[in-house]
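Source file coords29.txt; content: compact mmCIF, C-alpha atoms and all ligand atoms.
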```
# COMPACT_ATOMS: atom_id res chain seq x y z
CA MET A 1107 16.40 12.52 -1.87
CA THR A 1108 17.94 15.98 -2.22
CA SER A 1109 18.06 18.81 0.28
CA THR A 1110 17.94 21.95 -1.77
CA ALA A 1111 15.30 24.09 -0.12
CA PRO A 1112 16.25 27.29 1.58
CA HIS A 1113 14.01 27.19 4.62
CA ASP A 1114 12.86 30.74 3.96
CA THR A 1115 11.05 29.63 0.78
CA GLU A 1116 7.29 29.73 1.20
CA PHE A 1117 5.57 26.67 -0.20
CA ASP A 1118 1.94 26.31 -1.17
CA VAL A 1119 2.03 22.68 -0.07
CA ALA A 1120 4.57 20.80 2.05
CA VAL A 1121 4.23 17.04 2.37
CA ILE A 1122 5.60 15.20 5.41
CA GLY A 1123 6.67 11.69 4.33
CA GLY A 1124 8.15 10.28 1.14
CA GLY A 1125 6.32 6.94 0.94
CA ILE A 1126 3.80 6.13 -1.80
CA VAL A 1127 1.21 8.47 -0.25
CA GLY A 1128 3.60 11.40 0.13
CA VAL A 1129 5.19 11.21 -3.32
CA SER A 1130 1.74 10.88 -4.90
CA ALA A 1131 0.55 13.98 -3.04
CA ALA A 1132 3.69 15.88 -4.08
CA LEU A 1133 3.22 14.89 -7.72
CA ARG A 1134 -0.44 15.91 -7.75
CA ALA A 1135 0.40 19.28 -6.17
CA ALA A 1136 3.44 19.97 -8.36
CA ARG A 1137 1.46 19.19 -11.53
CA THR A 1138 -0.86 22.11 -10.75
CA GLY A 1139 2.14 24.46 -10.59
CA ALA A 1140 1.89 24.82 -6.80
CA ARG A 1141 5.18 25.44 -4.96
CA THR A 1142 5.60 22.03 -3.41
CA ALA A 1143 8.02 20.55 -0.86
CA LEU A 1144 8.38 16.96 0.33
CA ILE A 1145 10.16 16.29 3.61
CA ASP A 1146 11.39 12.83 4.54
CA ALA A 1147 13.41 11.78 7.56
CA GLY A 1148 14.60 8.50 6.03
CA PHE A 1149 13.31 6.34 8.91
CA GLU A 1150 14.05 2.62 8.81
CA GLY A 1151 10.96 0.53 8.05
CA LYS A 1152 9.36 2.64 5.31
CA ALA A 1153 6.46 0.42 4.26
CA SER A 1154 6.46 1.46 0.61
CA ALA A 1155 9.99 0.10 0.19
CA ALA A 1156 9.04 -3.33 1.54
CA GLY A 1157 5.43 -3.94 0.50
CA ALA A 1158 4.65 -7.01 -1.58
CA GLY A 1159 2.89 -5.04 -4.29
CA ILE A 1160 -0.47 -6.74 -4.85
CA VAL A 1161 -2.87 -4.27 -6.47
CA SER A 1162 -6.27 -5.86 -6.12
CA PRO A 1163 -9.92 -4.91 -5.62
CA VAL A 1164 -10.51 -8.21 -3.85
CA GLY A 1165 -9.92 -8.65 -0.13
CA LEU A 1166 -9.90 -12.25 1.04
CA GLY A 1167 -11.17 -11.21 4.47
CA GLY A 1168 -14.60 -10.12 3.19
CA ASP A 1169 -13.51 -6.47 3.31
CA GLU A 1170 -15.51 -5.53 0.28
CA ALA A 1171 -18.74 -6.01 2.26
CA SER A 1172 -18.81 -2.21 2.41
CA ARG A 1173 -20.01 -0.49 -0.72
CA GLU A 1174 -17.91 2.58 0.08
CA TRP A 1175 -14.81 0.45 0.51
CA SER A 1176 -15.37 -1.38 -2.77
CA SER A 1177 -15.87 1.85 -4.63
CA LEU A 1178 -12.72 3.34 -3.06
CA VAL A 1179 -10.57 0.37 -4.07
CA ALA A 1180 -12.05 0.24 -7.58
CA SER A 1181 -11.33 3.98 -8.01
CA ALA A 1182 -7.79 3.50 -6.70
CA ILE A 1183 -7.15 0.80 -9.26
CA SER A 1184 -8.49 2.79 -12.16
CA HIS A 1185 -6.43 5.77 -10.90
CA TYR A 1186 -3.31 3.63 -11.40
CA GLY A 1187 -4.02 3.70 -15.12
CA SER A 1188 -3.58 7.48 -15.21
CA ILE A 1189 -0.46 7.40 -13.01
CA LEU A 1190 1.13 4.79 -15.30
CA GLU A 1191 0.23 6.90 -18.32
CA LEU A 1192 1.85 9.98 -16.75
CA LEU A 1193 4.98 7.99 -15.93
CA ARG A 1194 5.15 6.54 -19.43
CA GLU A 1195 4.83 9.98 -21.02
CA ALA A 1196 7.59 11.25 -18.74
CA GLY A 1197 9.98 8.48 -19.84
CA PHE A 1198 9.46 5.85 -17.14
CA PRO A 1199 8.18 3.04 -19.37
CA ASP A 1200 8.69 0.26 -16.83
CA VAL A 1201 8.08 0.78 -13.12
CA GLY A 1202 7.55 -2.85 -12.17
CA PHE A 1203 3.77 -2.80 -12.70
CA GLY A 1204 2.24 -5.84 -14.39
CA ARG A 1205 -1.37 -6.96 -14.81
CA VAL A 1206 -0.60 -10.61 -14.17
CA GLY A 1207 -3.82 -11.83 -12.52
CA GLU A 1208 -4.10 -13.75 -9.27
CA LEU A 1209 -4.57 -17.35 -8.21
CA VAL A 1210 -6.43 -17.60 -4.92
CA VAL A 1211 -5.54 -20.96 -3.46
CA ALA A 1212 -7.14 -22.97 -0.65
CA THR A 1213 -4.14 -24.19 1.32
CA ARG A 1214 -5.92 -25.54 4.43
CA GLU A 1215 -8.94 -27.78 4.78
CA GLN A 1216 -11.02 -25.00 6.36
CA ASP A 1217 -10.41 -22.81 3.30
CA GLN A 1218 -12.20 -25.10 0.82
CA PRO A 1219 -15.70 -23.66 1.50
CA ARG A 1220 -14.26 -20.12 1.35
CA LEU A 1221 -13.13 -20.76 -2.19
CA GLY A 1222 -16.75 -21.45 -3.22
CA GLU A 1223 -17.94 -18.35 -1.33
CA LEU A 1224 -15.28 -16.24 -3.02
CA HIS A 1225 -16.34 -17.53 -6.43
CA THR A 1226 -19.93 -16.43 -5.72
CA ARG A 1227 -18.77 -13.06 -4.36
CA LEU A 1228 -16.65 -12.46 -7.44
CA LYS A 1229 -19.70 -12.90 -9.65
CA HIS A 1230 -21.53 -10.26 -7.57
CA PHE A 1231 -18.52 -7.95 -7.89
CA ALA A 1232 -18.58 -8.22 -11.63
CA GLN A 1233 -22.34 -7.45 -11.64
CA SER A 1234 -21.85 -4.38 -9.40
CA GLY A 1235 -19.13 -2.94 -11.58
CA ILE A 1236 -16.04 -3.92 -9.58
CA PRO A 1237 -13.49 -4.64 -12.29
CA VAL A 1238 -12.38 -8.19 -11.50
CA GLY A 1239 -12.19 -9.40 -15.11
CA ARG A 1240 -12.32 -13.08 -16.03
CA VAL A 1241 -12.82 -15.50 -13.12
CA GLU A 1242 -12.10 -19.20 -13.48
CA LEU A 1243 -11.92 -22.23 -11.18
CA MET A 1244 -8.51 -23.89 -11.42
CA SER A 1245 -7.19 -27.37 -10.68
CA ALA A 1246 -3.76 -27.98 -9.14
CA ARG A 1247 -2.49 -29.11 -12.50
CA GLN A 1248 -3.65 -25.93 -14.23
CA MET A 1249 -2.06 -23.78 -11.50
CA GLN A 1250 1.20 -25.67 -11.77
CA GLN A 1251 1.51 -24.55 -15.37
CA SER A 1252 2.37 -21.09 -14.08
CA TRP A 1253 3.64 -22.11 -10.62
CA PRO A 1254 5.26 -25.59 -10.89
CA GLU A 1255 6.56 -25.23 -7.31
CA LEU A 1256 3.03 -25.35 -5.81
CA ARG A 1257 1.77 -28.40 -3.91
CA GLU A 1258 -0.20 -30.93 -5.95
CA ASP A 1259 -3.36 -31.07 -3.81
CA LEU A 1260 -4.49 -27.44 -4.13
CA ASP A 1261 -7.62 -25.97 -5.70
CA GLY A 1262 -7.90 -22.38 -6.72
CA ILE A 1263 -9.59 -19.55 -8.57
CA PHE A 1264 -7.95 -17.37 -11.18
CA ILE A 1265 -8.93 -13.68 -11.16
CA GLU A 1266 -7.78 -11.77 -14.21
CA ASN A 1267 -7.78 -8.11 -13.26
CA ILE A 1268 -5.19 -8.07 -10.50
CA ALA A 1269 -1.76 -6.51 -10.82
CA ARG A 1270 1.51 -6.55 -8.99
CA MET A 1271 3.89 -3.63 -8.66
CA ASP A 1272 7.29 -2.84 -7.25
CA GLY A 1273 6.73 -0.33 -4.43
CA ARG A 1274 10.32 0.89 -4.40
CA ARG A 1275 10.46 1.57 -8.12
CA MET A 1276 6.98 3.09 -8.21
CA CYS A 1277 7.77 5.42 -5.31
CA ALA A 1278 11.10 6.45 -6.83
CA ALA A 1279 9.52 7.10 -10.25
CA ILE A 1280 6.60 9.13 -8.85
CA GLY A 1281 9.06 11.06 -6.67
CA ASP A 1282 11.37 11.76 -9.61
CA LEU A 1283 8.44 12.96 -11.69
CA ALA A 1284 7.26 15.23 -8.85
CA GLN A 1285 10.75 16.75 -8.74
CA ALA A 1286 10.78 17.11 -12.51
CA LYS A 1287 7.50 19.04 -12.15
CA GLY A 1288 9.19 21.40 -9.69
CA ALA A 1289 8.75 19.82 -6.24
CA THR A 1290 11.61 20.34 -3.79
CA PHE A 1291 12.68 17.32 -1.72
CA ILE A 1292 14.18 17.98 1.70
CA LYS A 1293 15.83 15.47 4.01
CA GLY A 1294 14.87 16.09 7.61
CA GLN A 1295 12.38 15.37 10.36
CA ALA A 1296 9.27 17.51 10.36
CA SER A 1297 7.32 18.42 13.48
CA VAL A 1298 4.01 20.14 14.02
CA ARG A 1299 2.74 22.41 16.80
CA LEU A 1300 -0.77 23.80 17.21
CA GLU A 1301 -1.17 27.55 17.88
CA GLY A 1302 -4.87 28.32 18.16
CA ASN A 1303 -6.37 26.63 15.12
CA THR A 1304 -3.24 27.01 13.00
CA CYS A 1305 -0.31 24.60 12.75
CA VAL A 1306 3.27 25.73 12.95
CA PHE A 1307 5.81 23.50 11.20
CA GLU A 1308 9.52 22.88 11.67
CA ILE A 1309 12.16 20.75 9.97
CA ASP A 1310 14.87 19.64 12.39
CA GLY A 1311 14.01 22.65 14.54
CA ALA A 1312 14.09 25.24 11.71
CA PRO A 1313 10.83 26.88 10.65
CA LEU A 1314 9.08 25.61 7.53
CA ARG A 1315 6.84 28.10 5.74
CA ALA A 1316 3.94 26.43 3.99
CA ARG A 1317 0.34 27.43 3.42
CA THR A 1318 -0.84 23.86 3.93
CA VAL A 1319 0.96 20.75 5.12
CA ILE A 1320 -0.03 17.19 4.21
CA VAL A 1321 0.79 14.58 6.85
CA ALA A 1322 1.74 11.39 4.99
CA ALA A 1323 4.03 10.08 7.71
CA GLY A 1324 2.88 6.45 7.61
CA SER A 1325 3.45 4.56 10.86
CA TRP A 1326 5.12 7.62 12.41
CA SER A 1327 1.94 9.75 12.20
CA LEU A 1328 0.63 9.21 15.74
CA PRO A 1329 2.40 12.11 17.55
CA ILE A 1330 1.11 14.51 14.86
CA LEU A 1331 -2.41 13.06 15.04
CA LYS A 1332 -2.36 13.49 18.82
CA THR A 1333 -1.17 17.11 18.50
CA LEU A 1334 -4.11 17.70 16.15
CA ARG A 1335 -6.53 15.94 18.55
CA VAL A 1336 -7.49 13.40 15.87
CA PRO A 1337 -9.34 10.57 17.65
CA ILE A 1338 -8.19 7.77 15.28
CA GLU A 1339 -4.74 6.36 16.05
CA VAL A 1340 -2.14 4.86 13.71
CA HIS A 1341 0.24 2.12 14.85
CA PRO A 1342 2.90 0.11 13.01
CA VAL A 1343 2.36 -3.52 12.02
CA ARG A 1344 5.75 -4.95 11.14
CA GLY A 1345 5.92 -7.08 8.00
CA GLN A 1346 8.92 -9.20 7.07
CA ILE A 1347 8.95 -10.39 3.48
CA VAL A 1348 11.43 -12.69 1.76
CA HIS A 1349 12.88 -12.37 -1.76
CA LEU A 1350 13.96 -15.57 -3.49
CA ALA A 1351 15.44 -16.25 -6.91
CA LEU A 1352 14.92 -19.17 -9.27
CA PRO A 1353 18.05 -18.99 -11.45
CA GLY A 1354 17.32 -19.43 -15.14
CA ILE A 1355 13.53 -19.41 -14.68
CA ALA A 1356 11.37 -16.53 -15.93
CA THR A 1357 9.06 -15.37 -13.16
CA GLU A 1358 7.78 -11.92 -14.17
CA THR A 1359 4.61 -13.03 -15.94
CA ARG A 1360 3.44 -15.34 -13.17
CA PRO A 1361 0.10 -14.53 -11.55
CA VAL A 1362 0.12 -13.52 -7.89
CA VAL A 1363 -0.66 -16.49 -5.63
CA ASN A 1364 -2.78 -15.50 -2.64
CA THR A 1365 -4.25 -17.56 0.19
CA PHE A 1366 -6.86 -17.26 2.92
CA GLU A 1367 -4.12 -17.65 5.54
CA GLY A 1368 -2.62 -14.33 4.49
CA HIS A 1369 0.40 -15.79 2.73
CA TYR A 1370 1.23 -14.84 -0.87
CA PHE A 1371 3.77 -15.22 -3.68
CA LEU A 1372 4.57 -12.74 -6.44
CA GLY A 1373 6.81 -13.10 -9.48
CA PHE A 1374 9.04 -10.22 -10.58
CA PRO A 1375 11.63 -9.72 -13.31
CA GLY A 1376 15.12 -11.05 -12.58
CA ASN A 1377 13.91 -14.59 -11.69
CA ARG A 1378 12.60 -13.09 -8.45
CA ILE A 1379 9.88 -14.47 -6.20
CA VAL A 1380 8.57 -12.39 -3.29
CA THR A 1381 6.79 -14.21 -0.48
CA GLY A 1382 5.44 -13.16 2.89
CA GLY A 1383 4.64 -11.57 5.06
CA THR A 1384 4.55 -11.48 8.83
CA HIS A 1385 2.01 -9.39 10.77
CA GLU A 1386 3.75 -8.28 13.96
CA PRO A 1387 2.06 -5.34 15.71
CA GLU A 1388 3.89 -6.26 18.91
CA ALA A 1389 7.24 -5.36 17.29
CA GLU A 1390 6.18 -1.68 17.24
CA PHE A 1391 8.98 0.36 15.58
CA ASP A 1392 11.59 -2.43 15.64
CA SER A 1393 12.46 -2.75 11.94
CA ARG A 1394 14.97 -5.59 12.19
CA VAL A 1395 14.87 -8.85 10.25
CA THR A 1396 14.41 -11.55 12.87
CA ALA A 1397 15.12 -15.29 12.87
CA GLY A 1398 11.51 -15.95 13.91
CA GLY A 1399 10.15 -13.76 11.10
CA VAL A 1400 12.18 -15.45 8.37
CA HIS A 1401 11.37 -18.88 9.83
CA SER A 1402 7.67 -18.13 9.80
CA VAL A 1403 7.66 -16.80 6.21
CA LEU A 1404 9.77 -19.64 4.80
CA GLY A 1405 7.86 -22.28 6.78
CA LYS A 1406 4.55 -21.22 5.21
CA ALA A 1407 6.12 -20.68 1.78
CA LEU A 1408 7.57 -24.18 1.62
CA ARG A 1409 4.41 -25.81 2.98
CA ILE A 1410 2.42 -24.23 0.12
CA ALA A 1411 5.12 -24.35 -2.58
CA PRO A 1412 7.62 -27.09 -1.63
CA GLY A 1413 9.27 -26.70 -5.04
CA LEU A 1414 10.81 -23.45 -3.82
CA ALA A 1415 13.13 -25.29 -1.41
CA ALA A 1416 16.07 -24.97 -3.80
CA ALA A 1417 15.50 -21.29 -4.58
CA SER A 1418 18.25 -18.83 -3.63
CA LEU A 1419 17.49 -16.62 -0.64
CA ILE A 1420 18.32 -13.08 -1.78
CA GLU A 1421 17.08 -10.72 0.90
CA THR A 1422 14.45 -10.04 3.54
CA ARG A 1423 12.73 -6.66 3.62
CA VAL A 1424 10.97 -5.14 6.59
CA GLY A 1425 8.23 -2.54 6.50
CA LEU A 1426 5.92 -0.99 9.07
CA ARG A 1427 2.33 -1.01 7.82
CA PRO A 1428 0.54 2.10 9.11
CA ARG A 1429 -2.63 0.58 10.51
CA SER A 1430 -5.32 2.89 11.83
CA SER A 1431 -7.32 2.00 14.93
CA ASP A 1432 -10.49 1.30 12.92
CA GLY A 1433 -8.70 -0.26 9.95
CA TYR A 1434 -9.60 2.42 7.40
CA PRO A 1435 -7.35 5.09 5.87
CA ILE A 1436 -7.55 8.64 7.21
CA VAL A 1437 -7.73 11.44 4.67
CA GLY A 1438 -8.94 14.99 5.11
CA ARG A 1439 -8.64 18.17 7.15
CA PRO A 1440 -8.94 17.80 10.92
CA ARG A 1441 -11.31 20.11 12.78
CA SER A 1442 -8.51 21.39 15.02
CA ALA A 1443 -6.45 23.17 12.36
CA ASP A 1444 -7.15 25.00 9.13
CA ASN A 1445 -3.79 24.52 7.39
CA ILE A 1446 -3.24 20.78 7.47
CA VAL A 1447 -4.51 17.69 5.63
CA ILE A 1448 -3.96 14.14 6.88
CA ALA A 1449 -3.32 11.18 4.59
CA THR A 1450 -2.27 8.08 6.47
CA GLY A 1451 -3.39 4.79 8.03
CA LEU A 1452 -3.49 2.76 4.80
CA GLY A 1453 -2.45 -0.44 6.59
CA ALA A 1454 -2.06 -3.43 4.28
CA TRP A 1455 -3.62 -1.60 1.33
CA GLY A 1456 -1.26 1.33 0.87
CA LEU A 1457 0.39 0.34 -2.39
CA THR A 1458 -3.08 -0.08 -3.90
CA LEU A 1459 -4.67 3.03 -2.40
CA GLY A 1460 -1.64 5.31 -1.97
CA PRO A 1461 -1.63 7.13 -5.32
CA LEU A 1462 -5.36 7.93 -5.08
CA ILE A 1463 -5.27 8.94 -1.39
CA GLY A 1464 -2.15 11.08 -1.90
CA GLY A 1465 -3.80 12.76 -4.89
CA ILE A 1466 -6.99 13.48 -2.92
CA ALA A 1467 -4.94 14.99 -0.07
CA ALA A 1468 -3.17 17.35 -2.49
CA GLU A 1469 -6.49 18.36 -4.06
CA GLN A 1470 -7.92 19.13 -0.62
CA ALA A 1471 -4.79 21.08 0.36
CA LEU A 1472 -5.09 23.23 -2.77
CA GLY A 1473 -8.84 23.69 -2.56
CA LEU A 1474 -9.46 21.74 -5.79
CA THR A 1475 -12.48 19.52 -6.26
CA PRO A 1476 -11.28 16.10 -5.07
CA SER A 1477 -11.32 13.40 -7.73
CA TYR A 1478 -13.02 11.05 -5.25
CA ASP A 1479 -15.48 11.79 -2.44
CA SER A 1480 -13.56 10.45 0.55
CA GLY A 1481 -15.78 12.11 3.18
CA PHE A 1482 -16.29 8.84 5.08
CA LEU A 1483 -12.52 8.67 5.72
CA GLY A 1484 -12.27 12.09 7.41
CA PRO A 1485 -10.01 12.35 10.48
CA ASP A 1486 -12.78 13.36 12.91
CA ARG A 1487 -15.11 10.49 11.98
CA ALA A 1488 -16.48 8.13 14.58
CA PRO A 1489 -14.48 4.89 14.27
CA ILE A 1490 -15.85 2.75 11.44
CA THR A 1491 -17.06 -0.46 13.05
CA ALA A 1492 -19.16 -2.13 10.34
CA ALA A 1493 -18.64 -5.73 9.36
CA ALA A 1494 -16.55 -4.24 6.61
CA VAL A 1495 -13.59 -3.43 8.87
CA LEU A 1496 -10.49 -4.41 6.98
CA SER A 1497 -8.81 -7.66 7.63
CA PRO A 1498 -5.22 -6.97 8.64
CA ASN A 1499 -4.32 -10.40 7.30
CA VAL A 1500 -4.68 -9.70 3.64
CA LYS A 1501 -1.17 -8.61 2.66
C1 LIG B 1 5.35 -6.77 4.14
C2 LIG B 1 4.35 -5.80 3.55
C3 LIG B 1 3.55 -6.19 2.49
C4 LIG B 1 2.64 -5.29 1.93
N1 LIG B 1 1.94 -5.67 0.83
C5 LIG B 1 1.09 -4.80 0.24
C6 LIG B 1 0.41 -5.19 -0.94
O1 LIG B 1 0.64 -6.27 -1.48
N2 LIG B 1 -0.48 -4.31 -1.48
C7 LIG B 1 -0.75 -3.09 -0.91
O2 LIG B 1 -1.58 -2.37 -1.43
N3 LIG B 1 -0.09 -2.70 0.21
C8 LIG B 1 0.81 -3.54 0.80
N4 LIG B 1 1.48 -3.17 1.93
C9 LIG B 1 1.13 -1.90 2.59
C10 LIG B 1 1.84 -0.70 2.00
O3 LIG B 1 3.19 -0.99 1.79
C11 LIG B 1 1.70 0.50 2.94
O4 LIG B 1 0.36 0.71 3.32
C12 LIG B 1 2.15 1.79 2.26
O5 LIG B 1 3.43 1.61 1.71
C13 LIG B 1 2.18 2.96 3.25
O6 LIG B 1 2.68 4.09 2.59
P1 LIG B 1 2.90 5.45 3.37
O7 LIG B 1 3.37 6.43 2.36
O8 LIG B 1 1.69 5.77 4.19
O9 LIG B 1 4.04 5.13 4.47
P2 LIG B 1 5.58 4.78 4.29
O10 LIG B 1 5.87 4.13 3.01
O11 LIG B 1 5.98 4.05 5.53
O12 LIG B 1 6.29 6.19 4.25
C14 LIG B 1 6.27 7.06 5.36
C15 LIG B 1 7.49 7.97 5.23
O13 LIG B 1 7.32 9.06 6.14
C16 LIG B 1 8.59 9.43 6.63
N5 LIG B 1 8.33 10.17 7.87
C17 LIG B 1 7.60 9.76 8.93
N6 LIG B 1 7.53 10.73 9.88
C18 LIG B 1 8.24 11.77 9.39
C19 LIG B 1 8.54 13.06 9.89
N7 LIG B 1 8.09 13.48 11.08
N8 LIG B 1 9.31 13.89 9.15
C20 LIG B 1 9.76 13.49 7.94
N9 LIG B 1 9.51 12.27 7.42
C21 LIG B 1 8.76 11.42 8.12
C22 LIG B 1 9.32 8.12 6.81
O14 LIG B 1 10.73 8.32 6.79
C23 LIG B 1 8.81 7.31 5.60
O15 LIG B 1 9.71 7.39 4.51
C24 LIG B 1 2.46 -4.01 2.49
C25 LIG B 1 3.27 -3.61 3.56
C26 LIG B 1 4.21 -4.49 4.08
C27 LIG B 1 5.10 -4.02 5.19
```
Represent the structure from my file as structure tokens, please.
Amino acid sequence: MTSTAPHDTEFDVAVIGGGIVGVSAALRAARTGARTALIDAGFEGKASAAGAGIVSPVGLGGDEASREWSSLVASAISHYGSILELLREAGFPDVGFGRVGELVVATREQDQPRLGELHTRLKHFAQSGIPVGRVELMSARQMQQSWPELREDLDGIFIENIARMDGRRMCAAIGDLAQAKGATFIKGQASVRLEGNTCVFEIDGAPLRARTVIVAAGSWSLPILKTLRVPIEVHPVRGQIVHLALPGIATETRPVVNTFEGHYFLGFPGNRIVTGGTHEPEAEFDSRVTAGGVHSVLGKALRIAPGLAAASLIETRVGLRPRSSDGYPIVGRPRSADNIVIATGLGAWGLTLGPLIGGIAAEQALGLTPSYDSGFLGPDRAPITAAAVLSPNVK
């Protein structure tokens, strides 16, 4: 990230936060020709650099019970198509995105009936236009053709239209494209103060001149939300996720393996397997790799896929999922200020929803017609309490 902005420049849009939401907002704004800045403090625990990367319209916690939620996720997935097209045209042909499908596997006795329920739900999805693609019941033997390391007593369902992506590469590519379109990236910590119904912004104590600021500060958003009197809170949920390698074995075309216990496996280029992750709200902003975290991830991984015991352990990543107090993302202008838009609280769904939500935030900041009606996610909403509240245990 560069630091090239004279602080006396006036920007049309300044984005606080360089995760998937922030870079997507910066790209959307810069593409319109708006003078755009992105400010990132480089905090440890950036979720977009650690996330597993499952891009799926299907929540295994029953999340899609809400029609609005289903339509949001379906729009986010189709939005990826246009982002990938933009990146391809700009010379980023491979950003770690692959439509590899997903195997949902029943790993515990109590999950067997859920597999049947999911199969029925998936048929309803298809009928109501949620793009799940081909759905097929799978035996252990069939699943072992793509994942020979899996246990031999598992049943599963294959869902075709699910992708995996590399959050780090995607974020870097979207950020690079935003800069190529004219956005200025600044390293520093942004702060916000309310004067009447207008926000005043600073970077490391120096004034920042911007017509509108987008708050895409992930898990670090709470002080800004409180300043703006936004009733929904955002808190970090630490996730530790382990990267393994299977030397000499191609892994990049493998379907995602997902389970009802919240554990998953993804295959990436370079013989890489990614498996995780922990859900540790109690860790707050502690972004360390811990012995207990690695033990928990590897314990579950080897119970489900004992054949991975001989894999090399490459690294453990840690990210802080920005989970909102009602489980839904926050996007929109708060009532308290007329020059700010909030885009945060994407929890376990940020790599799926981030490009769409960031784009909507930029459209709102610039007064453009938003490409998706996200009114139900506004910052001054009453907390969403329907049965459709997101399961934090999905990714
Ligand atoms: C282990 C794990 C697995 C996951 N798996 C998936 C998955 O499979 N699929 C999926 O869709 N999602 C997944 N997620 C969730 C997803 O990664 C997050 O929801 C998403 O990355 C959040 O993006 P963000 O831009 O809001 O925040 P972040 O990526 O955390 O970025 C926030 C940025 O803001 C900066 N910042 C904060 N405050 C300030 C400030 N005051 N001034 C300047 N800069 C500031 C920080 O330095 C940081 O870089 C996973 C997350 C984890 C941790």
Practice task
Determine, counting only C-alpha atoms, which protein, DNA and RNA residues have an atom within 6 Å of an atom of stretch 1339-1355 of chain A; residues of the same chain fewer than 5 positions away are not included. Present the result as an MDAnalysis selection string.
Solution key: chainID A and resid 1325 1328 1377:1387 1390 1417:1431 1451
Exercise for the section: Using only C-alpha atoms and all ligand atoms, find each residue with an atom at most 6 Å away from ligand LIG 1 (chain B) and format the answer as JSON, numbers by chain. Expected result: {"A": [1122, 1123, 1124, 1125, 1126, 1127, 1128, 1145, 1146, 1147, 1148, 1149, 1152, 1153, 1154, 1156, 1157, 1158, 1159, 1160, 1161, 1294, 1295, 1296, 1297, 1322, 1323, 1324, 1325, 1326, 1345, 1346, 1347, 1383, 1425, 1426, 1427, 1428, 1450, 1452, 1453, 1454, 1455, 1456, 1457, 1458, 1501]}
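Atom CA of A:Tyr1478 is positioned 21.2 Å from atom CA of A:Leu1193.
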Exercise for the section: In Å, rounded to a single decimal, give me how far atom CA of A:Pro1440 is from atom CA of A:Gly1464. Expected result: 16.0 Å
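Atom pair atom CA of A:Leu1314 / atom CA of A:Leu1133 has a distance of 19.5 Å (rounded to one decimal).
Using all atoms listed in the file, the nearest neighbour of A:Leu1256 within the list A:Ala1212, A:Ile1463, A:Val1121, A:Ala1279 is A:Ala1212.
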